[in-house]
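Enquirer: Below you'll find the structure I mean.
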Amino acid sequence: MNILVLLIPIAIAIAGGFVFAFIWATNGGQYDDLETPAFKMLLDDEQIINKSQNNKKE
Amino acid sequence: MSTTINTTCDHCGDTVITPYKNSGENANYTFCCQGCLTVFEIINSTGYSKYYDLKRGSTEKGSPVHLSNEKFTYLDQPDFLSKYAIAEDDKFKMQFFLEGIHCVACLWLVEKIPEMIPDVLQCSLNMGKSVVTVEIAGGSKFSIVANKLNQLGYKPHPITNDKEQVKLSESEDRSFLIKIGVAFACTGNIMLLSISTYAGASGPLLEQFKWYTLLLSMPVLLYSAIPFYQSAYFALINRKLSIDIPIVIAIILGTLSGIYNILTGGDHLYFDSLCSLIFLLLSARFLLKKSGQKSMNASEIASLFTNKVTHRYNSILGEYEEAHIKFLEKGDKVKVETNEMVPADGLLQSYSATLDCSLLTGESTPIEIKKDMLLSSGSLNIGPSFQMQVNNNFSESRLGKILSKVEQGWKQKSQIVSFTDIVAKYFVLTVFLVAIATFMGLYYSTQDFSEAFNRTLSFIIITCPCALGLTTPLALSLSLGRLSSMGIIVKNDQTLEKLSKAKKIFLDKTGTLTAGNFSIENINYMDQANEFHIDSIIYHLEHNANHPIAKSIINSLKAKYTGKQFPEPLNISNIKSITGRGVEGISGRNIYEIHALKQVESSYNEVGVFQNGRLIAKVTLRDKIRPESRSFIHSLKNAGLQVALLSGDRKEIVAEVAQKLDISEYYAEVSPEKKSEIIKSSPESIMVGDGANDALALSNSFVGIAVKGSVEVSLRACEVFISKSGLSSIRTLLAVSHNAIKLIKLNLKFSICYNLVGSVLAISGKIDPLWAAILMPLSSFTVILTTLLYGRNIKQSIIQNPDIDHKIFRKLPVS
């Protein structure tokens, strides 16, 4: 069981890594809008928007 | 025109009453209105018909489109841009609230705008808020984008960009979220370690685990729990007791005793319980904050719905251009079209004008104004368009003055001591008295200081009112969320508690209990045999007229002949409308004429139909009481509320309405100031109203409810805004608030039971950290469970009974 002395700090360090990833993501604005992305992923990308080729006017 | 009932509109999915048909290739589609038809054509002709494929998969229903005639050119004016747009490098950003966003298809279509208009760099839509952020290249115009959005059926309303404010609330939200995340991560790890100590870890390993739990709980106690320390501190310096004070005491004592026990080798560590408590409480508060924010946003946005665009004369160009009313200045010449609001106080420059001032005075009789007379902002032009000169800036106008009074009243609004805070007060007192008694008793009986101290401490920690702290925000946020999904926007969470306490309700007449516009009460035909023929004549003469009376006649006729062949095809030519008089037209050898007979009463109108000068029919029009008003009043009384009617309209009319609806207490011909005095003199009363004449009363009432169609001032003055028409929403609101408070009380009883068991165990010395770890989350989970069950209950009863008589409403206490 002595290996726990080593394993637990490693586990906590990994957990800390995830906490920092979470903080980074939050500060980057990933959790600002929680509703729209859920809809967006339902839409298929049918074409890459190329503005110069697209001249559909009203 | 064929009339098939029970078909749905191919654009919005609404039930079609009078179908609009497309000509040409799309002739087999049916629409509910011209707006939907136009949008359908535009979407199909530009090759975006995938919109309808996407929409088919969605269960959300749209609503009929009202196309606006605005050109949105005011968006391009420099003074407007400086306030509303954000300039970044060579780009401009502006945010719009869009009406009519409802499903994924809308998202798809709106985000396709950069494809449709080359100068638009980006369009990103936030579905939750219905707000689109448009980014355009420098030199191009926002009006083009706004027009496109309008053509697609989403009327855009620009939003002021208070950059600082937005940034602040954004960073607040983020830091709150991080606090929750940190608390969750640490609590999870502490629990893993604690399980092994409970399971019987021993020796150096146990020592090590204890230190790890201490280490891991530090970020939670020192960082995540900051909001509790702050609010407890503010409560203390304001000499108030809040639920956070006992929570903070439990946290601090628990931490200190934990550290002491680690150092001295004791067993009583409560870090796991404390951290999970902090995590749960934080999450519940975050939810409440989010749902509150959502409704706050919605109410701010709703205030944009009033017409804010006017036509200002530009002397350089020599023509009228669109302008935002905020930017009107003294001396500006303005044109007010039919059905537009007078944007500012000023003098009439045209020969005459017909105005509906019911928003300001509550009286429904139209007022005739002659040249050079004063016009008040907020009155509605119901006659032909006229020109006026602006006399005052908005802040000096009558409406502006009411607004500033409203804001004063709003600041002085009575804050109630929330129910949970009252409970917390007694709770804290009891806990401390019991704690002191326990300590003294144990110390004198056993003479064992550390044992007495430990037991007292565990008592204080175990009685920490976590359920109390959890249940209130959870129940409130659930209720607010459900209400806002039904179009009932509640501005703050205290309102629900206030609503459940209210004893009296004041109702405004015009627009609340009555429809707010005229409809045909009776047509008296001089020649009975020709009823259908005469109706057809009226229809043909009036259906192109712009006068509100004409419109209400047409609507009533349409309703009368729903599902039947109407009107009879007649050839009436030379239809002329004579301002201030009526319409006339020629059919064959006959001259037909419709004009007003003598006006008898203010919310009562008589119109005559003449054939070659001979009266052939008399049409009686009235501002009718809404059909559901009676049952609404009845159910309010059943719920134990006193009902009173408050109106600026004439006494006879108010008395008649009151008698019909069985209301014994009514006030007629009251000015806005008088209204607010009546409200002030009757504490704990709800006010329901819409017009600017209600705004003062709304802001002085215990709870103000503004109903659909309200003017901006009322929206600012109220606590609740109901965006759906109909009175059933008010019932739902009352029912939900009563039930939310009932649930909070129920949960309170639960948590007191748990606490009693816990305290008995603690004082008798049976409690150890393991018991605390079981008892505390258990009480939290009971509370969460009952709250969630309650949420499901509201949802189901609303699905089963979408409109009237919610199941929950019958559970209201009857006094």
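Chains: A, B, ... in order of the structure tokens. Residues: from 1 per chain. Ligands: from 1, in order shown.
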Compile the contact shell of A:Ile8 as a ChimeraX atom specification: residues with an atom at most 10 Å away, counting only C-alpha atoms, same-chain residues fewer than 3 positions apart removed.

Expert: /A:3-5,11-14 /B:193,208-209,212

Enquirer: Got a sec to pull out which chain B residues are within 6 Å of chain A, counting only C-alpha atoms, and send them as a compact mmCIF listing (two decimals) with N, CA and C atoms, in the first residue's frame?

Expert:
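The resulting file, out.txt, is shown below:
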# COMPACT_ATOMS: atom_id res chain seq x y z
N VAL B 104 -34.77 25.74 -34.42
CA VAL B 104 -33.47 25.58 -35.06
C VAL B 104 -33.47 26.12 -36.49
N MET B 116 -26.30 35.89 -47.85
CA MET B 116 -27.25 36.66 -48.66
C MET B 116 -26.75 38.07 -48.93
N ASN B 126 -27.99 34.17 -30.45
CA ASN B 126 -28.12 33.51 -29.15
C ASN B 126 -29.59 33.14 -28.99
N MET B 127 -29.87 31.83 -29.08
CA MET B 127 -31.26 31.37 -29.09
C MET B 127 -31.98 31.70 -27.79
N GLY B 128 -31.24 31.57 -26.66
CA GLY B 128 -31.88 31.78 -25.37
C GLY B 128 -32.40 33.20 -25.21
N ILE B 178 -16.71 29.31 -12.22
CA ILE B 178 -15.42 28.74 -11.82
C ILE B 178 -15.47 28.31 -10.36

Enquirer: Grab the atom CA of B:Lys498 to atom CA of B:Leu277 distance for me, in Å with one decimal place.

Expert: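 Answer for the atom CA of B:Lys498 to atom CA of B:Leu277 separation: 28.5 Å.
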
Enquirer: Between atom CA of B:Ala250 and atom CA of B:Leu474, what is the distance in Å, rounded to a tenth?

Expert: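 Computing the Euclidean distance for atom CA of B:Ala250 and atom CA of B:Leu474 yields 21.3 Å.
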
Enquirer: For B:Leu221, list every protein, DNA or RNA residue within 12 Å, evaluated using only C-alpha atoms, and leave out those in the same chain fewer than 5 positions away; present the list as a ChimeraX atom specification.

Expert: /B:179-180,182-183,186-187,213-216,226-229,248,250-256,271-279

Enquirer: Produce a file of the selected residues containing N, CA and C atoms, as a PDB file, in the first residue's frame.

Expert:
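Contents of again33.pdb, as written:
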ATOM      1  N   LYS B 179     -16.125  29.133  -9.529  1.00  0.00           N
ATOM      2  CA  LYS B 179     -16.237  28.777  -8.110  1.00  0.00           C
ATOM      3  C   LYS B 179     -16.973  27.442  -7.961  1.00  0.00           C
ATOM      4  N   ILE B 180     -18.033  27.283  -8.721  1.00  0.00           N
ATOM      5  CA  ILE B 180     -18.776  26.024  -8.651  1.00  0.00           C
ATOM      6  C   ILE B 180     -17.907  24.867  -9.124  1.00  0.00           C
ATOM      7  N   VAL B 182     -14.617  24.577  -9.155  1.00  0.00           N
ATOM      8  CA  VAL B 182     -13.576  24.271  -8.172  1.00  0.00           C
ATOM      9  C   VAL B 182     -14.173  23.508  -6.993  1.00  0.00           C
ATOM     10  N   ALA B 183     -15.336  23.984  -6.527  1.00  0.00           N
ATOM     11  CA  ALA B 183     -15.973  23.326  -5.395  1.00  0.00           C
ATOM     12  C   ALA B 183     -16.315  21.887  -5.744  1.00  0.00           C
ATOM     13  N   CYS B 186     -13.014  19.645  -5.964  1.00  0.00           N
ATOM     14  CA  CYS B 186     -12.421  19.377  -4.656  1.00  0.00           C
ATOM     15  C   CYS B 186     -13.321  18.474  -3.823  1.00  0.00           C
ATOM     16  N   THR B 187     -14.633  18.767  -3.839  1.00  0.00           N
ATOM     17  CA  THR B 187     -15.558  17.954  -3.057  1.00  0.00           C
ATOM     18  C   THR B 187     -15.500  16.498  -3.494  1.00  0.00           C
ATOM     19  N   THR B 213      -7.372  15.815   2.840  1.00  0.00           N
ATOM     20  CA  THR B 213      -8.711  16.434   2.831  1.00  0.00           C
ATOM     21  C   THR B 213      -8.630  17.905   3.232  1.00  0.00           C
ATOM     22  N   LEU B 214      -7.792  18.200   4.184  1.00  0.00           N
ATOM     23  CA  LEU B 214      -7.621  19.593   4.593  1.00  0.00           C
ATOM     24  C   LEU B 214      -7.117  20.433   3.421  1.00  0.00           C
ATOM     25  N   LEU B 215      -6.110  19.888   2.748  1.00  0.00           N
ATOM     26  CA  LEU B 215      -5.515  20.589   1.609  1.00  0.00           C
ATOM     27  C   LEU B 215      -6.561  20.844   0.528  1.00  0.00           C
ATOM     28  N   LEU B 216      -7.337  19.790   0.218  1.00  0.00           N
ATOM     29  CA  LEU B 216      -8.310  19.913  -0.872  1.00  0.00           C
ATOM     30  C   LEU B 216      -9.483  20.826  -0.501  1.00  0.00           C
ATOM     31  N   ILE B 226     -16.590  32.349  -0.962  1.00  0.00           N
ATOM     32  CA  ILE B 226     -16.543  33.809  -0.802  1.00  0.00           C
ATOM     33  C   ILE B 226     -17.924  34.473  -0.885  1.00  0.00           C
ATOM     34  N   PRO B 227     -18.799  34.073  -1.849  1.00  0.00           N
ATOM     35  CA  PRO B 227     -20.109  34.733  -1.896  1.00  0.00           C
ATOM     36  C   PRO B 227     -20.873  34.672  -0.579  1.00  0.00           C
ATOM     37  N   PHE B 228     -20.729  33.560   0.158  1.00  0.00           N
ATOM     38  CA  PHE B 228     -21.446  33.448   1.431  1.00  0.00           C
ATOM     39  C   PHE B 228     -20.868  34.408   2.460  1.00  0.00           C
ATOM     40  N   TYR B 229     -19.533  34.480   2.518  1.00  0.00           N
ATOM     41  CA  TYR B 229     -18.898  35.396   3.466  1.00  0.00           C
ATOM     42  C   TYR B 229     -19.339  36.817   3.172  1.00  0.00           C
ATOM     43  N   VAL B 248     -22.470  30.509   7.357  1.00  0.00           N
ATOM     44  CA  VAL B 248     -21.075  30.912   7.521  1.00  0.00           C
ATOM     45  C   VAL B 248     -20.541  30.467   8.885  1.00  0.00           C
ATOM     46  N   ALA B 250     -21.464  27.878  10.595  1.00  0.00           N
ATOM     47  CA  ALA B 250     -21.188  26.444  10.513  1.00  0.00           C
ATOM     48  C   ALA B 250     -19.899  26.178   9.754  1.00  0.00           C
ATOM     49  N   ILE B 251     -19.681  26.903   8.672  1.00  0.00           N
ATOM     50  CA  ILE B 251     -18.460  26.695   7.869  1.00  0.00           C
ATOM     51  C   ILE B 251     -17.222  27.018   8.710  1.00  0.00           C
ATOM     52  N   ILE B 252     -17.254  28.169   9.361  1.00  0.00           N
ATOM     53  CA  ILE B 252     -16.067  28.599  10.103  1.00  0.00           C
ATOM     54  C   ILE B 252     -15.777  27.655  11.273  1.00  0.00           C
ATOM     55  N   LEU B 253     -16.815  27.360  12.069  1.00  0.00           N
ATOM     56  CA  LEU B 253     -16.604  26.483  13.220  1.00  0.00           C
ATOM     57  C   LEU B 253     -16.153  25.099  12.774  1.00  0.00           C
ATOM     58  N   GLY B 254     -16.775  24.612  11.719  1.00  0.00           N
ATOM     59  CA  GLY B 254     -16.408  23.290  11.208  1.00  0.00           C
ATOM     60  C   GLY B 254     -14.956  23.251  10.781  1.00  0.00           C
ATOM     61  N   THR B 255     -14.527  24.284  10.086  1.00  0.00           N
ATOM     62  CA  THR B 255     -13.148  24.332   9.608  1.00  0.00           C
ATOM     63  C   THR B 255     -12.167  24.393  10.780  1.00  0.00           C
ATOM     64  N   LEU B 256     -12.456  25.308  11.719  1.00  0.00           N
ATOM     65  CA  LEU B 256     -11.548  25.469  12.845  1.00  0.00           C
ATOM     66  C   LEU B 256     -11.434  24.180  13.661  1.00  0.00           C
ATOM     67  N   PHE B 271     -14.881  18.086   6.818  1.00  0.00           N
ATOM     68  CA  PHE B 271     -14.579  18.753   5.545  1.00  0.00           C
ATOM     69  C   PHE B 271     -15.456  18.266   4.405  1.00  0.00           C
ATOM     70  N   ASP B 272     -15.711  16.950   4.372  1.00  0.00           N
ATOM     71  CA  ASP B 272     -16.523  16.428   3.263  1.00  0.00           C
ATOM     72  C   ASP B 272     -17.929  17.027   3.288  1.00  0.00           C
ATOM     73  N   SER B 273     -18.540  17.071   4.474  1.00  0.00           N
ATOM     74  CA  SER B 273     -19.905  17.617   4.560  1.00  0.00           C
ATOM     75  C   SER B 273     -19.924  19.094   4.203  1.00  0.00           C
ATOM     76  N   LEU B 274     -18.951  19.818   4.744  1.00  0.00           N
ATOM     77  CA  LEU B 274     -18.923  21.258   4.499  1.00  0.00           C
ATOM     78  C   LEU B 274     -18.759  21.569   3.022  1.00  0.00           C
ATOM     79  N   CYS B 275     -17.816  20.855   2.370  1.00  0.00           N
ATOM     80  CA  CYS B 275     -17.548  21.165   0.965  1.00  0.00           C
ATOM     81  C   CYS B 275     -18.739  20.810   0.085  1.00  0.00           C
ATOM     82  N   SER B 276     -19.383  19.654   0.347  1.00  0.00           N
ATOM     83  CA  SER B 276     -20.518  19.311  -0.503  1.00  0.00           C
ATOM     84  C   SER B 276     -21.658  20.294  -0.262  1.00  0.00           C
ATOM     85  N   LEU B 277     -21.769  20.764   0.969  1.00  0.00           N
ATOM     86  CA  LEU B 277     -22.772  21.775   1.273  1.00  0.00           C
ATOM     87  C   LEU B 277     -22.534  23.048   0.463  1.00  0.00           C
ATOM     88  N   ILE B 278     -21.286  23.497   0.461  1.00  0.00           N
ATOM     89  CA  ILE B 278     -20.964  24.716  -0.294  1.00  0.00           C
ATOM     90  C   ILE B 278     -21.250  24.519  -1.770  1.00  0.00           C
ATOM     91  N   PHE B 279     -20.881  23.361  -2.279  1.00  0.00           N
ATOM     92  CA  PHE B 279     -21.107  23.094  -3.703  1.00  0.00           C
ATOM     93  C   PHE B 279     -22.600  23.137  -4.037  1.00  0.00           C
TER      94      PHE B 279
END

Enquirer: If I take atom CA of B:Arg174 and atom CA of B:Asn189, how far is one from the other in Å, to one decimal?

Expert: 22.9 Å

Enquirer: Could you please write out, as a PyMOL selection string, every residue of stretch 610-805 of chain B that DSSP assigns to strand (DSSP E or B)?

Expert: chain B and resi 610-611+614-625+642-646+665-667+685-689+703-706+720-722

Enquirer: Export, as a compact mmCIF listing (two decimals), in the first residue's frame, the selected residues with C-alpha atoms.

Expert:
# COMPACT_ATOMS: atom_id res chain seq x y z
CA PHE B 610 -77.02 55.27 -45.89
CA GLN B 611 -78.39 54.46 -49.33
CA ARG B 614 -81.72 57.10 -46.51
CA LEU B 615 -80.60 55.29 -43.35
CA ILE B 616 -80.63 51.55 -44.04
CA ALA B 617 -78.67 50.21 -41.04
CA LYS B 618 -77.36 51.40 -37.73
CA VAL B 619 -74.19 49.76 -36.38
CA THR B 620 -73.56 49.88 -32.65
CA LEU B 621 -69.98 49.47 -31.52
CA ARG B 622 -68.66 48.96 -28.03
CA ASP B 623 -65.45 48.20 -26.20
CA LYS B 624 -66.58 44.76 -25.15
CA ILE B 625 -65.72 42.96 -21.97
CA GLN B 642 -60.56 41.35 -2.84
CA VAL B 643 -61.18 42.69 -6.34
CA ALA B 644 -61.43 46.37 -7.23
CA LEU B 645 -61.77 48.19 -10.53
CA LEU B 646 -59.67 51.25 -11.24
CA GLU B 665 -65.61 48.27 -5.41
CA TYR B 666 -64.75 50.55 -8.30
CA TYR B 667 -63.15 53.92 -8.94
CA SER B 685 -52.33 44.96 -3.15
CA ILE B 686 -51.62 43.89 -6.69
CA MET B 687 -52.16 46.30 -9.55
CA VAL B 688 -52.84 45.09 -13.08
CA GLY B 689 -52.65 47.63 -15.87
CA VAL B 703 -46.78 44.10 -6.93
CA GLY B 704 -47.37 45.66 -10.33
CA ILE B 705 -48.38 43.50 -13.26
CA ALA B 706 -48.24 44.94 -16.77
CA VAL B 720 -44.28 41.24 -13.69
CA PHE B 721 -44.80 41.57 -17.40
CA ILE B 722 -47.23 39.26 -19.16

Enquirer: Can you list, as a JSON list (two decimals) with N, CA and C atoms, in the first residue's frame, every protein, DNA or RNA residue that comes within 8 Å of stretch 135-152 of chain B when you count only C-alpha atoms, leaving out same-chain residues fewer than 3 positions away?

Expert:
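Here's the written file selection.json:
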[["chain", "number", "residue", "atom", "x", "y", "z"],
["A", 58, "GLU", "N", -31.05, 39.89, -52.66],
["A", 58, "GLU", "CA", -32.47, 39.75, -52.34],
["A", 58, "GLU", "C", -33.35, 40.00, -53.56],
["B", 38, "THR", "N", -45.67, 36.53, -47.68],
["B", 38, "THR", "CA", -44.53, 37.26, -48.23],
["B", 38, "THR", "C", -43.21, 36.61, -47.81],
["B", 39, "VAL", "N", -43.12, 36.28, -46.54],
["B", 39, "VAL", "CA", -41.89, 35.67, -46.05],
["B", 39, "VAL", "C", -41.64, 34.34, -46.76],
["B", 42, "ILE", "N", -40.24, 34.95, -50.18],
["B", 42, "ILE", "CA", -38.84, 35.40, -50.17],
["B", 42, "ILE", "C", -37.92, 34.24, -49.87],
["B", 43, "ILE", "N", -38.29, 33.44, -48.88],
["B", 43, "ILE", "CA", -37.42, 32.33, -48.50],
["B", 43, "ILE", "C", -37.30, 31.35, -49.66],
["B", 67, "LEU", "N", -45.35, 42.07, -40.85],
["B", 67, "LEU", "CA", -44.28, 42.79, -41.54],
["B", 67, "LEU", "C", -44.38, 44.27, -41.21],
["B", 68, "SER", "N", -43.23, 44.84, -40.93],
["B", 68, "SER", "CA", -43.23, 46.25, -40.59],
["B", 68, "SER", "C", -42.83, 47.06, -41.82],
["B", 71, "LYS", "N", -38.12, 51.34, -42.76],
["B", 71, "LYS", "CA", -37.01, 51.17, -43.70],
["B", 71, "LYS", "C", -35.69, 51.01, -42.95],
["B", 72, "PHE", "N", -35.71, 51.27, -41.67],
["B", 72, "PHE", "CA", -34.54, 51.12, -40.80],
["B", 72, "PHE", "C", -33.39, 52.03, -41.16],
["B", 73, "THR", "N", -33.67, 53.11, -41.91],
["B", 73, "THR", "CA", -32.56, 53.99, -42.28],
["B", 73, "THR", "C", -31.99, 54.72, -41.07],
["B", 74, "TYR", "N", -32.77, 54.80, -39.98],
["B", 74, "TYR", "CA", -32.24, 55.47, -38.80],
["B", 74, "TYR", "C", -31.02, 54.76, -38.24],
["B", 75, "LEU", "N", -30.90, 53.47, -38.60],
["B", 75, "LEU", "CA", -29.75, 52.70, -38.11],
["B", 75, "LEU", "C", -28.42, 53.24, -38.65],
["B", 76, "ASP", "N", -28.50, 53.92, -39.77],
["B", 76, "ASP", "CA", -27.25, 54.37, -40.41],
["B", 76, "ASP", "C", -26.83, 55.77, -39.98],
["B", 90, "ASP", "N", -11.83, 47.77, -38.51],
["B", 90, "ASP", "CA", -12.56, 48.22, -39.68],
["B", 90, "ASP", "C", -13.97, 47.63, -39.70],
["B", 91, "LYS", "N", -14.42, 47.17, -38.52],
["B", 91, "LYS", "CA", -15.70, 46.47, -38.49],
["B", 91, "LYS", "C", -16.66, 47.20, -37.54],
["B", 92, "PHE", "N", -17.93, 46.97, -37.76],
["B", 92, "PHE", "CA", -18.94, 47.48, -36.83],
["B", 92, "PHE", "C", -19.79, 46.33, -36.32],
["B", 93, "LYS", "N", -20.10, 46.38, -35.05],
["B", 93, "LYS", "CA", -20.93, 45.34, -34.46],
["B", 93, "LYS", "C", -22.17, 45.97, -33.87],
["B", 94, "MET", "N", -23.32, 45.35, -34.10],
["B", 94, "MET", "CA", -24.52, 45.82, -33.44],
["B", 94, "MET", "C", -25.35, 44.62, -33.03],
["B", 110, "VAL", "N", -31.11, 32.71, -39.98],
["B", 110, "VAL", "CA", -30.48, 33.96, -39.57],
["B", 110, "VAL", "C", -28.97, 33.90, -39.80],
["B", 113, "ILE", "N", -27.42, 34.82, -43.22],
["B", 113, "ILE", "CA", -27.44, 36.20, -43.74],
["B", 113, "ILE", "C", -26.12, 36.63, -44.37],
["B", 117, "ILE", "N", -26.10, 38.67, -47.94],
["B", 117, "ILE", "CA", -25.60, 40.03, -48.11],
["B", 117, "ILE", "C", -24.08, 40.00, -48.02],
["B", 119, "ASP", "N", -21.67, 42.14, -47.64],
["B", 119, "ASP", "CA", -20.89, 42.97, -46.71],
["B", 119, "ASP", "C", -20.98, 42.52, -45.25],
["B", 120, "VAL", "N", -21.88, 41.59, -44.99],
["B", 120, "VAL", "CA", -22.02, 41.14, -43.62],
["B", 120, "VAL", "C", -20.96, 40.09, -43.34],
["B", 121, "LEU", "N", -20.17, 40.34, -42.30],
["B", 121, "LEU", "CA", -19.08, 39.42, -42.01],
["B", 121, "LEU", "C", -19.58, 38.25, -41.16],
["B", 122, "GLN", "N", -20.43, 38.55, -40.20],
["B", 122, "GLN", "CA", -20.88, 37.49, -39.31],
["B", 122, "GLN", "C", -22.22, 37.81, -38.68],
["B", 123, "CYS", "N", -23.00, 36.75, -38.49],
["B", 123, "CYS", "CA", -24.27, 36.88, -37.80],
["B", 123, "CYS", "C", -24.32, 35.74, -36.79],
["B", 155, "LYS", "N", -38.63, 40.73, -36.93],
["B", 155, "LYS", "CA", -38.47, 42.17, -36.80],
["B", 155, "LYS", "C", -37.33, 42.49, -35.84],
["B", 156, "PRO", "N", -36.33, 43.24, -36.31],
["B", 156, "PRO", "CA", -35.18, 43.52, -35.43],
["B", 156, "PRO", "C", -35.39, 44.77, -34.58]]

Enquirer: As a ChimeraX atom specification, list the residues of stretch 123-209 of chain B assigned to helix (DSSP H, G or I) by DSSP on the backbone atoms of this structure.

Expert: /B:142-151,163-198,203-209
